[in-house]
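Raw contents of run-v3.txt, compact mmCIF, C-alpha atoms (C1' of nucleotides):
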```txt
# COMPACT_ATOMS: atom_id res chain seq x y z
CA MET S 22 81.58 94.99 127.99
CA ALA S 23 77.95 96.00 128.44
CA ASP S 24 77.83 97.45 124.95
CA PHE S 25 78.88 94.34 123.08
CA ASN S 26 78.18 94.43 119.38
CA LEU S 27 79.69 93.04 116.23
CA ASN S 28 81.86 96.09 115.69
CA THR S 29 83.62 95.46 118.97
CA PHE S 30 84.02 91.71 118.58
CA LEU S 31 87.61 91.25 117.45
CA PRO S 32 87.28 87.95 115.56
CA TYR S 33 84.47 89.43 113.49
CA LEU S 34 86.26 92.71 112.92
CA LEU S 35 89.43 90.90 111.93
CA ASN S 36 87.54 88.83 109.42
CA GLN S 37 85.81 91.84 107.92
CA ALA S 38 89.04 93.75 107.63
CA ALA S 39 90.89 90.75 106.23
CA GLU S 40 88.27 90.16 103.58
CA ALA S 41 88.16 93.78 102.58
CA ALA S 42 91.93 93.99 102.45
CA SER S 43 92.28 90.81 100.40
CA LEU S 44 89.66 91.69 97.86
CA SER S 45 91.51 93.66 95.26
CA PHE S 46 94.73 91.74 95.57
CA GLN S 47 92.71 88.59 95.05
CA GLN S 48 91.36 90.00 91.81
CA VAL S 49 94.88 90.34 90.49
CA TYR S 50 96.21 86.85 91.03
CA LYS S 51 92.88 85.38 90.06
CA ASP S 52 92.23 87.36 86.90
CA ARG S 53 95.82 87.63 85.77
CA TYR S 54 97.01 84.09 86.51
CA GLY S 55 93.91 82.06 87.38
CA MET S 56 95.36 81.30 90.80
CA LEU S 57 93.52 80.49 94.00
CA ARG S 58 94.27 81.85 97.41
CA THR S 59 96.30 78.86 98.56
CA GLU S 60 98.25 78.92 95.34
CA TRP S 61 99.54 82.43 95.70
CA ARG S 62 100.49 81.66 99.26
CA VAL S 63 102.53 78.67 98.17
CA LEU S 64 104.03 80.66 95.33
CA PHE S 65 105.02 83.47 97.68
CA HIS S 66 106.53 81.14 100.21
CA LEU S 67 108.72 79.59 97.55
CA GLY S 68 109.52 82.93 95.97
CA LEU S 69 110.46 84.61 99.22
CA TYR S 70 112.08 81.79 101.12
CA GLY S 71 113.46 79.54 98.40
CA GLN S 72 113.22 75.78 98.19
CA LEU S 73 110.81 74.25 100.71
CA THR S 74 108.93 71.01 101.24
CA ALA S 75 105.16 70.80 101.28
CA SER S 76 105.19 70.20 105.04
CA GLU S 77 107.33 73.22 105.65
CA ILE S 78 104.98 75.39 103.65
CA GLY S 79 102.03 73.98 105.55
CA ALA S 80 103.67 74.70 108.89
CA ARG S 81 104.67 78.23 107.96
CA ALA S 82 101.40 79.18 106.38
CA SER S 83 99.06 77.25 108.68
CA LEU S 84 97.74 75.30 105.72
CA HIS S 85 96.51 71.73 105.87
CA LYS S 86 98.59 69.29 103.88
CA THR S 87 95.74 68.44 101.52
CA LYS S 88 95.42 72.10 100.65
CA VAL S 89 99.14 72.36 100.01
CA SER S 90 99.13 69.16 97.99
CA ARG S 91 96.42 70.39 95.66
CA ALA S 92 97.90 73.84 95.30
CA VAL S 93 101.25 72.29 94.43
CA SER S 94 99.61 70.08 91.81
CA ARG S 95 97.98 73.03 90.15
CA LEU S 96 101.10 75.14 90.23
CA GLU S 97 103.06 72.25 88.80
CA ALA S 98 100.47 71.77 86.03
CA ARG S 99 101.07 75.39 85.04
CA ARG S 100 104.82 74.82 85.16
CA TYR S 101 105.24 77.37 87.93
CA LEU S 102 107.07 74.96 90.19
CA SER S 103 109.02 71.73 90.02
CA ARG S 104 109.42 68.88 92.46
CA ALA S 105 112.57 67.02 93.37
CA ARG S 106 112.60 63.91 95.52
CA ASP S 107 114.94 64.00 98.43
CA THR S 108 117.62 61.39 97.89
CA ALA S 109 118.03 60.56 101.56
CA ASP S 110 114.34 60.48 102.49
CA ARG S 111 112.25 59.59 99.51
CA ARG S 112 108.99 60.63 101.13
CA VAL S 113 110.08 64.22 100.91
CA GLU S 114 109.75 66.50 97.91
CA HIS S 115 111.73 69.69 97.56
CA LEU S 116 109.67 72.30 95.79
CA ALA S 117 111.07 75.22 93.86
CA LEU S 118 109.79 77.80 91.43
CA THR S 119 110.59 77.39 87.75
CA PRO S 120 111.74 80.47 85.82
CA ALA S 121 108.11 80.89 84.74
CA GLY S 122 107.00 80.70 88.35
CA GLN S 123 109.64 83.20 89.36
CA ALA S 124 108.39 85.61 86.74
CA VAL S 125 104.86 85.32 88.06
CA PHE S 126 106.13 85.77 91.58
CA LYS S 127 108.09 88.83 90.63
CA ASP S 128 105.04 90.40 89.07
CA LEU S 129 102.72 89.58 91.95
CA ARG S 130 105.27 90.67 94.47
CA GLN S 131 105.35 94.09 92.93
CA VAL S 132 101.58 94.25 93.01
CA ALA S 133 101.62 93.15 96.65
CA GLU S 134 104.21 95.71 97.67
CA ARG S 135 102.34 98.47 96.00
CA TYR S 136 99.06 97.30 97.44
CA ASP S 137 100.52 97.13 100.91
CA ALA S 138 102.00 100.58 100.55
CA ASP S 139 98.58 101.94 99.66
CA LEU S 140 97.04 100.36 102.72
CA VAL S 141 99.77 101.77 104.91
CA ALA S 142 99.28 105.21 103.43
CA ALA S 143 95.60 105.09 104.28
CA LEU S 144 96.42 104.71 107.96
CA PRO S 145 97.74 107.32 110.36
CA PRO S 146 101.54 107.52 110.39
CA GLY S 147 103.18 104.77 112.41
CA GLU S 148 99.93 102.91 112.76
CA ALA S 149 100.82 100.24 110.23
CA GLN S 150 103.88 99.03 112.07
CA ARG S 151 102.01 98.86 115.33
CA LEU S 152 99.20 97.00 113.58
CA ARG S 153 101.62 94.47 112.16
CA GLU S 154 102.99 93.72 115.59
CA VAL S 155 99.55 93.20 117.08
CA LEU S 156 98.48 91.00 114.20
CA LEU S 157 101.61 88.88 114.44
CA ARG S 158 100.86 88.40 118.06
CA LEU S 159 97.25 87.45 117.42
CA ALA S 160 98.35 85.11 114.66
CA GLY S 161 100.42 83.31 117.26
CA ARG S 162 103.68 83.74 115.39
CA GLU S 163 105.16 85.85 118.11
CA ALA S 164 104.69 85.63 121.85
CA MET W 22 109.76 98.32 101.42
CA ALA W 23 112.97 96.59 100.42
CA ASP W 24 112.43 93.90 103.04
CA PHE W 25 109.04 92.75 101.88
CA ASN W 26 107.93 89.41 103.27
CA LEU W 27 104.71 87.72 104.21
CA ASN W 28 104.90 88.94 107.78
CA THR W 29 104.78 92.51 106.61
CA PHE W 30 102.05 92.06 104.01
CA LEU W 31 98.91 93.32 105.70
CA PRO W 32 96.30 91.30 103.80
CA TYR W 33 98.15 88.12 104.65
CA LEU W 34 98.73 89.09 108.25
CA LEU W 35 95.11 90.08 108.65
CA ASN W 36 94.00 86.73 107.33
CA GLN W 37 96.34 84.81 109.60
CA ALA W 38 95.26 86.79 112.63
CA ALA W 39 91.59 86.51 111.72
CA GLU W 40 91.79 82.76 111.30
CA ALA W 41 93.68 82.28 114.53
CA ALA W 42 91.28 84.54 116.40
CA SER W 43 88.21 82.81 114.98
CA LEU W 44 89.36 79.29 115.64
CA SER W 45 88.20 78.57 119.15
CA PHE W 46 85.01 80.58 118.87
CA GLN W 47 84.25 78.63 115.72
CA GLN W 48 84.58 75.39 117.65
CA VAL W 49 81.87 76.52 120.04
CA TYR W 50 79.13 77.40 117.61
CA LYS W 51 80.02 74.47 115.44
CA ASP W 52 80.28 71.77 118.09
CA ARG W 53 77.57 73.09 120.36
CA TYR W 54 74.97 74.03 117.76
CA GLY W 55 76.17 72.64 114.44
CA MET W 56 76.22 76.13 112.98
CA LEU W 57 78.33 77.44 110.13
CA ARG W 58 80.14 80.75 110.03
CA THR W 59 77.47 82.58 108.08
CA GLU W 60 74.80 81.22 110.37
CA TRP W 61 76.24 82.64 113.55
CA ARG W 62 76.66 85.95 111.81
CA VAL W 63 73.01 86.03 110.82
CA LEU W 64 72.00 84.90 114.28
CA PHE W 65 74.06 87.64 115.90
CA HIS W 66 72.72 90.32 113.62
CA LEU W 67 69.18 89.38 114.52
CA GLY W 68 70.00 88.95 118.18
CA LEU W 69 71.80 92.26 118.48
CA TYR W 70 69.81 94.45 116.14
CA GLY W 71 66.35 92.87 116.17
CA GLN W 72 64.13 92.20 113.21
CA LEU W 73 65.87 92.58 109.86
CA THR W 74 65.38 91.54 106.27
CA ALA W 75 67.79 89.27 104.44
CA SER W 76 69.01 92.19 102.35
CA GLU W 77 69.70 94.29 105.39
CA ILE W 78 71.73 91.49 106.93
CA GLY W 79 73.65 91.08 103.70
CA ALA W 80 74.45 94.77 103.53
CA ARG W 81 75.54 95.02 107.14
CA ALA W 82 77.60 91.86 107.15
CA SER W 83 78.97 92.07 103.61
CA LEU W 84 77.38 88.75 102.78
CA HIS W 85 76.08 87.78 99.37
CA LYS W 86 72.35 87.23 99.24
CA THR W 87 72.73 83.56 98.37
CA LYS W 88 74.80 83.02 101.47
CA VAL W 89 72.22 84.78 103.58
CA SER W 90 69.42 82.85 101.92
CA ARG W 91 70.99 79.51 102.74
CA ALA W 92 71.92 80.49 106.27
CA VAL W 93 68.36 81.66 106.88
CA SER W 94 66.99 78.37 105.57
CA ARG W 95 69.17 76.36 107.88
CA LEU W 96 68.40 78.53 110.88
CA GLU W 97 64.71 78.27 110.09
CA ALA W 98 64.97 74.49 109.78
CA ARG W 99 66.34 74.42 113.33
CA ARG W 100 63.56 76.74 114.46
CA TYR W 101 66.02 79.44 115.44
CA LEU W 102 64.29 82.08 113.37
CA SER W 103 60.94 82.80 111.76
CA ARG W 104 59.99 84.67 108.63
CA ALA W 105 57.13 87.11 108.18
CA ARG W 106 56.13 88.49 104.81
CA ASP W 107 55.85 92.22 104.65
CA THR W 108 52.23 93.11 104.04
CA ALA W 109 52.97 96.18 101.95
CA ASP W 110 55.80 94.71 99.85
CA ARG W 111 55.38 91.00 99.54
CA ARG W 112 58.87 90.44 98.23
CA VAL W 113 60.29 91.28 101.61
CA GLU W 114 60.62 88.93 104.55
CA HIS W 115 61.14 90.18 108.06
CA LEU W 116 63.34 87.81 109.99
CA ALA W 117 63.36 87.44 113.73
CA LEU W 118 64.74 84.99 116.24
CA THR W 119 62.38 82.54 117.87
CA PRO W 120 62.66 82.01 121.62
CA ALA W 121 64.88 79.02 120.85
CA GLY W 122 67.06 81.20 118.65
CA GLN W 123 67.25 83.85 121.33
CA ALA W 124 68.40 81.26 123.82
CA VAL W 125 71.15 80.15 121.47
CA PHE W 126 72.11 83.73 120.84
CA LYS W 127 72.25 84.50 124.53
CA ASP W 128 74.56 81.58 125.11
CA LEU W 129 76.84 82.36 122.20
CA ARG W 130 76.91 86.02 123.07
CA GLN W 131 78.26 85.21 126.47
CA VAL W 132 80.89 82.99 124.91
CA ALA W 133 81.78 85.77 122.48
CA GLU W 134 82.05 88.42 125.17
CA ARG W 135 84.26 86.24 127.26
CA TYR W 136 86.34 85.27 124.29
CA ASP W 137 86.77 88.87 123.26
CA ALA W 138 87.73 89.84 126.77
CA ASP W 139 90.44 87.20 126.75
CA LEU W 140 91.83 88.51 123.49
CA VAL W 141 91.83 92.05 124.81
CA ALA W 142 93.59 90.94 127.97
CA ALA W 143 96.33 89.32 125.90
CA LEU W 144 97.15 92.67 124.31
CA PRO W 145 98.93 95.63 125.86
CA PRO W 146 96.57 98.02 127.66
CA GLY W 147 94.67 100.31 125.31
CA GLU W 148 95.84 98.39 122.29
CA ALA W 149 92.52 96.65 121.68
CA GLN W 150 90.55 99.87 121.26
CA ARG W 151 93.12 101.24 118.88
CA LEU W 152 93.08 97.98 116.96
CA ARG W 153 89.30 98.10 116.66
CA GLU W 154 89.45 101.53 115.14
CA VAL W 155 92.05 100.56 112.58
CA LEU W 156 90.16 97.40 111.66
CA LEU W 157 86.90 99.28 111.24
CA ARG W 158 88.69 101.63 108.94
CA LEU W 159 90.22 98.82 106.91
CA ALA W 160 86.86 97.06 106.77
CA GLY W 161 85.53 100.19 105.11
CA ARG W 162 82.82 100.78 107.66
CA GLU W 163 84.31 104.03 108.75
CA ALA W 164 86.08 106.64 106.71
C1' DA F 11 115.54 41.52 112.07
C1' DG F 12 110.54 42.18 112.52
C1' DA F 13 106.53 44.32 114.25
C1' DT F 14 104.68 48.88 115.33
C1' DA F 15 104.37 53.56 115.02
C1' DA F 16 105.17 57.88 112.81
C1' DT F 17 105.75 61.04 108.77
C1' DA F 18 105.20 62.89 103.75
C1' DG F 19 102.11 63.34 100.64
C1' DT F 20 97.79 61.84 97.79
C1' DT F 21 93.02 60.54 96.79
C1' DG F 22 87.84 59.95 97.36
C1' DG F 23 83.47 61.28 98.88
C1' DT F 24 80.76 64.73 101.11
C1' DT F 25 79.77 69.61 102.30
C1' DT F 26 80.02 74.31 101.34
C1' DT F 27 80.66 78.08 98.42
C1' DG F 28 80.42 80.84 94.12
C1' DT F 29 78.30 82.28 89.92
C1' DA F 30 74.61 82.76 87.04
C1' DA F 31 70.15 82.16 85.91
C1' DC F 32 65.65 82.13 87.68
C1' DT F 33 60.73 83.51 89.90
C1' DA F 34 57.91 86.79 92.00
C1' DA F 35 56.67 91.34 93.22
C1' DC F 36 56.95 96.21 92.78
C1' DA F 37 58.20 100.87 90.23
C1' DA F 38 58.33 104.11 86.42
C1' DG F 39 57.59 105.98 81.89
C1' DG F 40 54.96 106.15 77.97
C1' DC I 9 47.34 99.72 81.48
C1' DC I 10 51.45 97.70 79.64
C1' DT I 11 56.15 97.40 78.52
C1' DT I 12 60.73 97.87 80.71
C1' DG I 13 63.54 97.93 84.57
C1' DT I 14 64.59 97.02 89.46
C1' DT I 15 64.60 94.63 93.82
C1' DA I 16 63.96 90.44 97.16
C1' DG I 17 64.93 86.15 97.47
C1' DT I 18 65.68 81.14 95.64
C1' DT I 19 67.65 77.46 92.95
C1' DA I 20 70.95 74.81 89.88
C1' DC I 21 75.31 73.58 88.50
C1' DA I 22 80.22 73.92 88.83
C1' DA I 23 84.23 74.96 91.66
C1' DA I 24 86.47 74.56 95.92
C1' DA I 25 87.08 73.16 100.83
C1' DC I 26 86.82 69.58 104.37
C1' DC I 27 87.61 65.25 106.42
C1' DA I 28 88.89 60.68 106.48
C1' DA I 29 91.15 56.95 104.67
C1' DC I 30 94.94 55.58 101.89
C1' DT I 31 100.06 54.47 99.96
C1' DA I 32 104.76 54.73 100.53
C1' DT I 33 108.72 55.45 103.19
C1' DT I 34 111.35 55.98 107.39
C1' DA I 35 111.95 55.67 112.56
C1' DT I 36 111.57 53.16 116.87
C1' DC I 37 111.45 49.48 120.10
C1' DT I 38 112.12 44.89 121.62
```
How would this structure read if it were set down as structure tokens?
Amino acid sequence: MADFNLNTFLPYLLNQAAEAASLSFQQVYKDRYGMLRTEWRVLFHLGLYGQLTASEIGARASLHKTKVSRAVSRLEARRYLSRARDTADRRVEHLALTPAGQAVFKDLRQVAERYDADLVAALPPGEAQRLREVLLRLAGREA
Amino acid sequence: MADFNLNTFLPYLLNQAAEAASLSFQQVYKDRYGMLRTEWRVLFHLGLYGQLTASEIGARASLHKTKVSRAVSRLEARRYLSRARDTADRRVEHLALTPAGQAVFKDLRQVAERYDADLVAALPPGEAQRLREVLLRLAGREA
DNA sequence: AGATAATAGTTGGTTTTGTAACTAACAAGG
DNA sequence: CCTTGTTAGTTACAAAACCAACTATTATCT
């Protein structure tokens, strides 16, 4: 690696690509629903995987519990999700999207699918799937 | 894309991978030199590409000028860089690393090279180079 | 049971970022 | 020149992230 530079340094490149790729999707959930990054993540986790606790969301999304807590508060304030205490263990809250939250999710999911499809189309054929596998590996979600 | 989920959504995957990949490098520049993310980026730009203006750094690194301004201030406060007014256009400042800054850069560069090499080694052979090309493309730095 | 530790989630105070407005210097057109 | 516009960089205030300490509840160990 005699010719080290920032365009070969993977952490930097990953960050640049991630920021660029997030930019226009970010505009949508921000402008259309006033949501922050953590909020759409929580919303999508609940929308895609059903009822979850805050801890479960944090573990799946690699989010600190304070971040989850605040995102949940804001989503609850907008009536996008509801909380239900676990009857057996009253520390635990089961979170679920309200109908309003599901509607928002449905809309944003469509935007996301379309956005992803555009990204995939901009890459050489087959490249996207290979990229996903490498990224999953780097993200530590797959050995 | 009937089976859409967060592990297929490229912006999300890119962010997860970027965060995971940045984590331990971040520890080094933070713990060892008390630097923030934007600061190491500025430092590396100056270390790798020599004297630059704040605008040039912003353009190359996709950083807003206020972020660059603050990073430059902090690096200057630690005597890692020095400013020199352009004589022809006195709005412009030419930034350059001091010897102390160059020493820090040299150290961090070694860490970065090693860190990058470890990442590359964790991927299948040839995969890293292919990944770099795709990321550059997604970052919009290459058509 | 009773003390101790662990877990779920929240809150407070500080740092960092984002957005917009600002100063200073140069450029261009009349 | 002298208004008007543009560019380089800074600053101020509000929004958001970070970290540590906190409450409440459950688990463990003797």
For this session: Please determine the contact residues of chain S with respect to chain F at a cut-off of 12 Å, counting all atoms listed in the file, and supply them as a list in words.
Result: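 In the required form, that comes to Thr74, Ala75, Ser76, Glu77, Gly79, His85, Lys86, Thr87, Lys88, Val89, Ser90, Arg91, Val93, Ser94, Arg106, Asp107, Asp110, Arg111, Arg112, Val113, Glu114 and His115 of chain S.
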Writing out the chosen residues with C-alpha atoms as a PDB file, in the frame of the given file:
```pdb
ATOM      1  CA  THR S  74     108.930  71.010 101.240  1.00  0.00           C
ATOM      2  CA  ALA S  75     105.160  70.800 101.280  1.00  0.00           C
ATOM      3  CA  SER S  76     105.190  70.200 105.040  1.00  0.00           C
ATOM      4  CA  GLU S  77     107.330  73.220 105.650  1.00  0.00           C
ATOM      5  CA  GLY S  79     102.030  73.980 105.550  1.00  0.00           C
ATOM      6  CA  HIS S  85      96.510  71.730 105.870  1.00  0.00           C
ATOM      7  CA  LYS S  86      98.590  69.290 103.880  1.00  0.00           C
ATOM      8  CA  THR S  87      95.740  68.440 101.520  1.00  0.00           C
ATOM      9  CA  LYS S  88      95.420  72.100 100.650  1.00  0.00           C
ATOM     10  CA  VAL S  89      99.140  72.360 100.010  1.00  0.00           C
ATOM     11  CA  SER S  90      99.130  69.160  97.990  1.00  0.00           C
ATOM     12  CA  ARG S  91      96.420  70.390  95.660  1.00  0.00           C
ATOM     13  CA  VAL S  93     101.250  72.290  94.430  1.00  0.00           C
ATOM     14  CA  SER S  94      99.610  70.080  91.810  1.00  0.00           C
ATOM     15  CA  ARG S 106     112.600  63.910  95.520  1.00  0.00           C
ATOM     16  CA  ASP S 107     114.940  64.000  98.430  1.00  0.00           C
ATOM     17  CA  ASP S 110     114.340  60.480 102.490  1.00  0.00           C
ATOM     18  CA  ARG S 111     112.250  59.590  99.510  1.00  0.00           C
ATOM     19  CA  ARG S 112     108.990  60.630 101.130  1.00  0.00           C
ATOM     20  CA  VAL S 113     110.080  64.220 100.910  1.00  0.00           C
ATOM     21  CA  GLU S 114     109.750  66.500  97.910  1.00  0.00           C
ATOM     22  CA  HIS S 115     111.730  69.690  97.560  1.00  0.00           C
TER      23      HIS S 115
END
```
Which residues of chain W have any atom within 6 Å of an atom in chain S when counting only C-alpha atoms, and what is the closest pair of atoms for each, with the distance in Å to one decimal? Order the rows by chain and rising number and write it as CSV.
```
residue,atom,partner,partner_atom,distance
W:Pro32,CA,S:Ser43,CA,5.3
W:Leu35,CA,S:Ala39,CA,4.9
W:Asn36,CA,S:Ala39,CA,5.2
W:Gln37,CA,S:Ala160,CA,5.5
W:Ala38,CA,S:Ala160,CA,4.1
W:Ala39,CA,S:Leu35,CA,4.9
W:Ala41,CA,S:Ala160,CA,5.5
W:Ala42,CA,S:Pro32,CA,5.3
W:Ser43,CA,S:Pro32,CA,5.3
W:Leu156,CA,S:Ala38,CA,5.6
W:Leu159,CA,S:Ala38,CA,5.3
W:Ala160,CA,S:Ala38,CA,4.1
```
Problem set entry | Contact set, chain I to chain W: 9 Å, all atoms listed in the file, as a VMD selection string | chain I and resid 15 to 18
Quick one: residues within 9 Å of region 48-58 of chain W, all atoms listed in the file, excluding same-chain residues fewer than 2 positions away - as a PDB file with C-alpha atoms, in the frame of the given file?
```pdb
ATOM      1  CA  SER W  43      88.210  82.810 114.980  1.00  0.00           C
ATOM      2  CA  LEU W  44      89.360  79.290 115.640  1.00  0.00           C
ATOM      3  CA  SER W  45      88.200  78.570 119.150  1.00  0.00           C
ATOM      4  CA  PHE W  46      85.010  80.580 118.870  1.00  0.00           C
ATOM      5  CA  GLU W  60      74.800  81.220 110.370  1.00  0.00           C
ATOM      6  CA  TRP W  61      76.240  82.640 113.550  1.00  0.00           C
ATOM      7  CA  ARG W  62      76.660  85.950 111.810  1.00  0.00           C
ATOM      8  CA  VAL W  63      73.010  86.030 110.820  1.00  0.00           C
ATOM      9  CA  ALA W  92      71.920  80.490 106.270  1.00  0.00           C
ATOM     10  CA  ARG W  95      69.170  76.360 107.880  1.00  0.00           C
ATOM     11  CA  LEU W  96      68.400  78.530 110.880  1.00  0.00           C
ATOM     12  CA  VAL W 125      71.150  80.150 121.470  1.00  0.00           C
ATOM     13  CA  LEU W 129      76.840  82.360 122.200  1.00  0.00           C
ATOM     14  CA  VAL W 132      80.890  82.990 124.910  1.00  0.00           C
TER      15      VAL W 132
END
```
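Straight-line separation from CA of Gly71 (chain S) to CA of Ala105 (chain S): 13.5 Å.
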